[in-house]
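Heads up: the structure comes next, in C-alpha coordinates.
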Amino acid sequence: MPLRHTLWRLIAAIILVSLAILALQRLPIGQQLNLGLTPLITSLQAPSRWWHKTALWLQERSELQSDLLRTRKAFEQQAALIQQRKSLLEENTQLRKLLHIANVQGYTWQAAQVLGRSPDKKSQRLILQAHALPDDVVVSSDGLVGLVDANRKNTSVVRTILDASLAVPVTLESSPLAALIRGQGDHLLVDFIPLEQAPAIGSILQTSGAGGIFPPGIPVAHITHIEALPGRIFARIEAEPTAHWQRENWLAIASRIPSP
(Lines give C-alpha, C1' and ligand atoms only; values in the text may rest on other atoms or scores of the structure.)
Protein backbone atom coordinates (compact mmCIF):
# COMPACT_ATOMS: atom_id res chain seq x y z
CA MET A 1 0.00 0.00 0.00
CA PRO A 2 1.68 3.24 -1.18
CA LEU A 3 0.47 5.44 1.73
CA ARG A 4 1.71 3.04 4.40
CA HIS A 5 5.07 2.68 2.65
CA THR A 6 5.39 6.48 2.45
CA LEU A 7 4.74 6.92 6.21
CA TRP A 8 7.30 4.26 7.10
CA ARG A 9 9.86 5.88 4.86
CA LEU A 10 9.22 9.31 6.45
CA ILE A 11 9.61 7.91 9.96
CA ALA A 12 12.79 6.11 9.01
CA ALA A 13 14.21 9.29 7.46
CA ILE A 14 13.49 11.28 10.62
CA ILE A 15 15.19 8.64 12.78
CA LEU A 16 18.24 8.57 10.52
CA VAL A 17 18.54 12.38 10.50
CA SER A 18 18.27 12.48 14.32
CA LEU A 19 20.96 9.84 14.69
CA ALA A 20 23.17 11.65 12.24
CA ILE A 21 22.84 14.92 14.14
CA LEU A 22 23.68 13.21 17.42
CA ALA A 23 26.74 11.61 15.84
CA LEU A 24 27.94 14.84 14.28
CA GLN A 25 27.58 16.70 17.59
CA ARG A 26 30.35 14.47 18.98
CA LEU A 27 32.76 15.47 16.18
CA PRO A 28 34.51 18.88 15.78
CA ILE A 29 32.60 19.51 12.60
CA GLY A 30 29.47 18.51 14.45
CA GLN A 31 29.92 21.39 16.86
CA GLN A 32 29.88 23.80 13.92
CA LEU A 33 26.83 22.05 12.56
CA ASN A 34 25.19 22.27 15.98
CA LEU A 35 25.86 26.03 16.02
CA GLY A 36 24.37 26.33 12.58
CA LEU A 37 21.28 24.40 13.55
CA THR A 38 20.74 26.34 16.80
CA PRO A 39 18.51 29.06 15.21
CA LEU A 40 16.45 26.36 13.53
CA ILE A 41 16.10 24.39 16.75
CA THR A 42 15.23 27.59 18.65
CA SER A 43 12.57 28.42 16.07
CA LEU A 44 11.16 24.92 16.31
CA GLN A 45 11.02 25.21 20.13
CA ALA A 46 9.42 28.68 20.08
CA PRO A 47 5.79 27.44 19.83
CA SER A 48 6.38 25.10 22.74
CA ARG A 49 7.83 27.90 24.88
CA TRP A 50 4.97 30.22 23.89
CA TRP A 51 2.41 27.60 24.84
CA HIS A 52 4.15 27.00 28.17
CA LYS A 53 4.19 30.74 28.99
CA THR A 54 0.56 31.06 27.91
CA ALA A 55 -0.44 28.15 30.12
CA LEU A 56 1.38 29.72 33.07
CA TRP A 57 -0.28 33.10 32.39
CA LEU A 58 -3.73 31.49 32.21
CA GLN A 59 -3.08 29.63 35.46
CA GLU A 60 -1.90 32.80 37.23
CA ARG A 61 -4.89 34.72 35.85
CA SER A 62 -7.27 32.06 37.12
CA GLU A 63 -5.64 32.14 40.55
CA LEU A 64 -5.83 35.97 40.63
CA GLN A 65 -9.52 35.85 39.68
CA SER A 66 -10.16 33.31 42.44
CA ASP A 67 -8.30 35.51 44.96
CA LEU A 68 -10.30 38.54 43.77
CA LEU A 69 -13.60 36.71 44.18
CA ARG A 70 -12.63 35.51 47.67
CA THR A 71 -11.56 39.04 48.66
CA ARG A 72 -14.75 40.57 47.26
CA LYS A 73 -16.88 38.01 49.09
CA ALA A 74 -15.01 38.71 52.33
CA PHE A 75 -15.57 42.47 51.91
CA GLU A 76 -19.29 41.90 51.22
CA GLN A 77 -19.61 39.72 54.31
CA GLN A 78 -17.78 42.32 56.38
CA ALA A 79 -20.02 45.11 55.03
CA ALA A 80 -23.12 43.04 55.85
CA LEU A 81 -21.85 42.47 59.40
CA ILE A 82 -21.13 46.19 59.83
CA GLN A 83 -24.64 47.07 58.59
CA GLN A 84 -26.18 44.45 60.86
CA ARG A 85 -24.23 45.81 63.84
CA LYS A 86 -25.33 49.35 62.98
CA SER A 87 -28.98 48.25 62.79
CA LEU A 88 -28.70 46.43 66.12
CA LEU A 89 -27.16 49.52 67.76
CA GLU A 90 -29.96 51.71 66.40
CA GLU A 91 -32.59 49.28 67.62
CA ASN A 92 -30.88 49.08 71.00
CA THR A 93 -30.97 52.89 71.26
CA GLN A 94 -34.66 52.90 70.35
CA LEU A 95 -35.45 50.24 72.93
CA ARG A 96 -33.58 52.17 75.63
CA LYS A 97 -35.61 55.29 74.86
CA LEU A 98 -38.79 53.24 74.88
CA LEU A 99 -37.91 51.89 78.32
CA HIS A 100 -37.56 55.48 79.53
CA ILE A 101 -41.06 56.34 78.28
CA ALA A 102 -42.38 53.10 79.74
CA ASN A 103 -41.79 54.42 83.27
CA VAL A 104 -45.36 55.81 83.21
CA GLN A 105 -47.23 54.08 86.01
CA GLY A 106 -50.57 52.26 85.76
CA TYR A 107 -49.76 50.52 82.48
CA THR A 108 -48.04 47.35 81.36
CA TRP A 109 -45.62 47.85 78.46
CA GLN A 110 -44.33 45.64 75.66
CA ALA A 111 -41.98 46.30 72.76
CA ALA A 112 -43.38 45.60 69.29
CA GLN A 113 -41.60 45.37 65.95
CA VAL A 114 -43.04 47.29 63.00
CA LEU A 115 -44.04 44.86 60.23
CA GLY A 116 -45.61 47.28 57.76
CA ARG A 117 -46.90 50.77 57.07
CA SER A 118 -49.79 52.04 54.98
CA PRO A 119 -48.71 53.39 51.56
CA ASP A 120 -49.85 56.95 52.27
CA LYS A 121 -47.09 59.50 52.82
CA LYS A 122 -47.62 59.92 56.55
CA SER A 123 -48.42 56.24 57.32
CA GLN A 124 -51.76 56.64 59.05
CA ARG A 125 -51.89 52.88 59.65
CA LEU A 126 -49.20 50.58 61.05
CA ILE A 127 -48.94 46.82 61.54
CA LEU A 128 -47.06 45.62 64.62
CA GLN A 129 -45.94 42.14 65.60
CA ALA A 130 -47.64 41.97 68.98
CA HIS A 131 -50.79 40.81 70.68
CA ALA A 132 -52.65 43.86 71.96
CA LEU A 133 -56.19 44.98 72.67
CA PRO A 134 -58.17 47.71 70.90
CA ASP A 135 -57.42 51.17 72.33
CA ASP A 136 -54.05 50.11 73.75
CA VAL A 137 -51.70 53.09 73.43
CA VAL A 138 -48.73 52.99 71.03
CA VAL A 139 -45.69 55.22 71.51
CA SER A 140 -42.27 55.67 69.93
CA SER A 141 -39.06 56.83 71.57
CA ASP A 142 -40.09 60.42 70.69
CA GLY A 143 -43.74 60.48 71.64
CA LEU A 144 -47.30 59.34 71.02
CA VAL A 145 -48.01 57.32 67.87
CA GLY A 146 -51.67 56.27 68.19
CA LEU A 147 -54.05 53.54 69.32
CA VAL A 148 -54.41 49.85 68.52
CA ASP A 149 -57.43 49.44 66.25
CA ALA A 150 -57.60 45.66 65.90
CA ASN A 151 -55.64 42.47 66.56
CA ARG A 152 -55.30 39.56 64.13
CA LYS A 153 -53.16 36.48 64.81
CA ASN A 154 -50.55 38.21 66.97
CA THR A 155 -50.39 41.28 64.72
CA SER A 156 -51.91 44.60 65.72
CA VAL A 157 -53.23 47.31 63.40
CA VAL A 158 -52.58 50.84 64.68
CA ARG A 159 -54.37 54.11 63.93
CA THR A 160 -51.87 56.95 64.23
CA ILE A 161 -52.72 60.37 65.60
CA LEU A 162 -52.75 61.73 62.03
CA ASP A 163 -55.97 59.80 61.46
CA ALA A 164 -59.07 62.03 61.55
CA SER A 165 -60.87 59.54 63.81
CA LEU A 166 -58.52 60.22 66.74
CA ALA A 167 -58.67 63.12 69.20
CA VAL A 168 -56.04 63.43 71.94
CA PRO A 169 -56.47 65.58 75.09
CA VAL A 170 -53.26 67.63 75.54
CA THR A 171 -51.74 70.26 77.74
CA LEU A 172 -48.56 72.30 78.06
CA GLU A 173 -46.15 71.14 80.76
CA SER A 174 -46.56 73.09 84.03
CA SER A 175 -49.60 74.88 82.63
CA PRO A 176 -53.38 74.68 83.20
CA LEU A 177 -53.88 74.72 79.42
CA ALA A 178 -56.36 72.14 78.16
CA ALA A 179 -56.83 71.46 74.45
CA LEU A 180 -57.63 68.74 71.97
CA ILE A 181 -55.48 67.55 69.06
CA ARG A 182 -57.16 66.07 65.97
CA GLY A 183 -55.56 64.36 62.99
CA GLN A 184 -55.80 65.94 59.54
CA GLY A 185 -54.11 63.30 57.43
CA ASP A 186 -50.79 65.09 56.99
CA HIS A 187 -50.74 67.42 60.02
CA LEU A 188 -52.55 68.06 63.33
CA LEU A 189 -55.01 70.74 64.46
CA VAL A 190 -55.08 72.00 68.05
CA ASP A 191 -58.60 72.97 69.13
CA PHE A 192 -59.98 75.10 71.95
CA ILE A 193 -57.06 77.46 72.58
CA PRO A 194 -57.84 81.21 72.60
CA LEU A 195 -55.34 83.34 70.68
CA GLU A 196 -54.14 85.12 73.85
CA GLN A 197 -53.40 81.74 75.49
CA ALA A 198 -51.72 80.14 72.48
CA PRO A 199 -48.27 78.70 73.25
CA ALA A 200 -45.31 79.90 71.19
CA ILE A 201 -44.43 78.20 67.93
CA GLY A 202 -42.18 75.24 68.69
CA SER A 203 -43.84 74.53 72.02
CA ILE A 204 -44.40 70.83 72.72
CA LEU A 205 -47.85 69.66 73.79
CA GLN A 206 -48.15 66.46 75.81
CA THR A 207 -50.95 64.13 76.84
CA SER A 208 -52.95 65.48 79.77
CA GLY A 209 -54.37 62.12 80.87
CA ALA A 210 -57.93 63.41 80.59
CA GLY A 211 -60.40 60.80 79.36
CA GLY A 212 -58.46 57.89 80.84
CA ILE A 213 -57.18 56.47 77.52
CA PHE A 214 -53.76 58.08 77.03
CA PRO A 215 -51.16 58.06 79.84
CA PRO A 216 -50.27 61.60 80.98
CA GLY A 217 -46.96 63.28 80.17
CA ILE A 218 -46.24 61.73 76.75
CA PRO A 219 -45.08 64.24 74.07
CA VAL A 220 -47.61 64.50 71.26
CA ALA A 221 -46.85 67.43 68.92
CA HIS A 222 -44.93 70.66 68.47
CA ILE A 223 -46.75 73.78 67.28
CA THR A 224 -45.88 74.96 63.76
CA HIS A 225 -48.49 77.62 62.91
CA ILE A 226 -50.78 80.05 64.78
CA GLU A 227 -53.43 82.12 63.02
CA ALA A 228 -56.14 84.42 64.39
CA LEU A 229 -59.60 83.75 62.93
CA PRO A 230 -61.83 86.85 62.62
CA GLY A 231 -64.98 86.60 64.69
CA ARG A 232 -63.85 83.47 66.52
CA ILE A 233 -62.62 82.96 70.06
CA PHE A 234 -60.20 80.15 69.33
CA ALA A 235 -57.15 80.50 67.09
CA ARG A 236 -56.26 78.15 64.29
CA ILE A 237 -53.23 76.25 65.52
CA GLU A 238 -51.43 73.61 63.47
CA ALA A 239 -48.86 71.13 64.78
CA GLU A 240 -46.65 68.22 63.73
CA PRO A 241 -46.21 64.93 65.64
CA THR A 242 -43.08 64.61 67.76
CA ALA A 243 -42.94 60.88 66.98
CA HIS A 244 -41.25 59.68 63.78
CA TRP A 245 -42.82 56.26 63.36
CA GLN A 246 -42.17 56.26 59.59
CA ARG A 247 -38.52 55.35 60.16
CA GLU A 248 -38.48 53.42 63.45
CA ASN A 249 -38.42 49.63 63.63
CA TRP A 250 -39.61 49.28 67.22
CA LEU A 251 -42.52 50.84 69.11
CA ALA A 252 -44.01 50.28 72.56
CA ILE A 253 -47.56 49.31 73.46
CA ALA A 254 -49.12 50.38 76.77
CA SER A 255 -52.05 48.44 78.21
CA ARG A 256 -53.92 49.92 81.15
CA ILE A 257 -53.78 47.82 84.32
CA PRO A 258 -57.36 47.08 85.46
CA SER A 259 -58.32 48.60 88.77
CA PRO A 260 -58.61 46.06 91.63
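Each chain in the C-alpha coordinates gets a letter, A, B and so on, in the order shown; residues start at 1 in every chain, and ligands are counted from 1 in the order they appear.
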Legend entry - segment 215-228 of chain A environment, 9 Å, only C-alpha atoms, sequence neighbours closer than 4 positions dropped, as a PyMOL selection string: chain A and resi 101+104-107+137+139+142-145+161+168+170-171+173+181+188+190+194-195+198-210+232-243+254+256
Inset, instruction - Tell me, in Å to one decimal, how far atom CA of Ala111 of chain A is from atom CA of Ile213 of chain A. - result: 18.9 Å
Legend entry - One-decimal distance in Å that lies between atom CA of Ile253 of chain A and atom CA of Trp109 of chain A: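 Pair atom CA of Trp109 of chain A / atom CA of Ile253 of chain A returns 5.6 Å.
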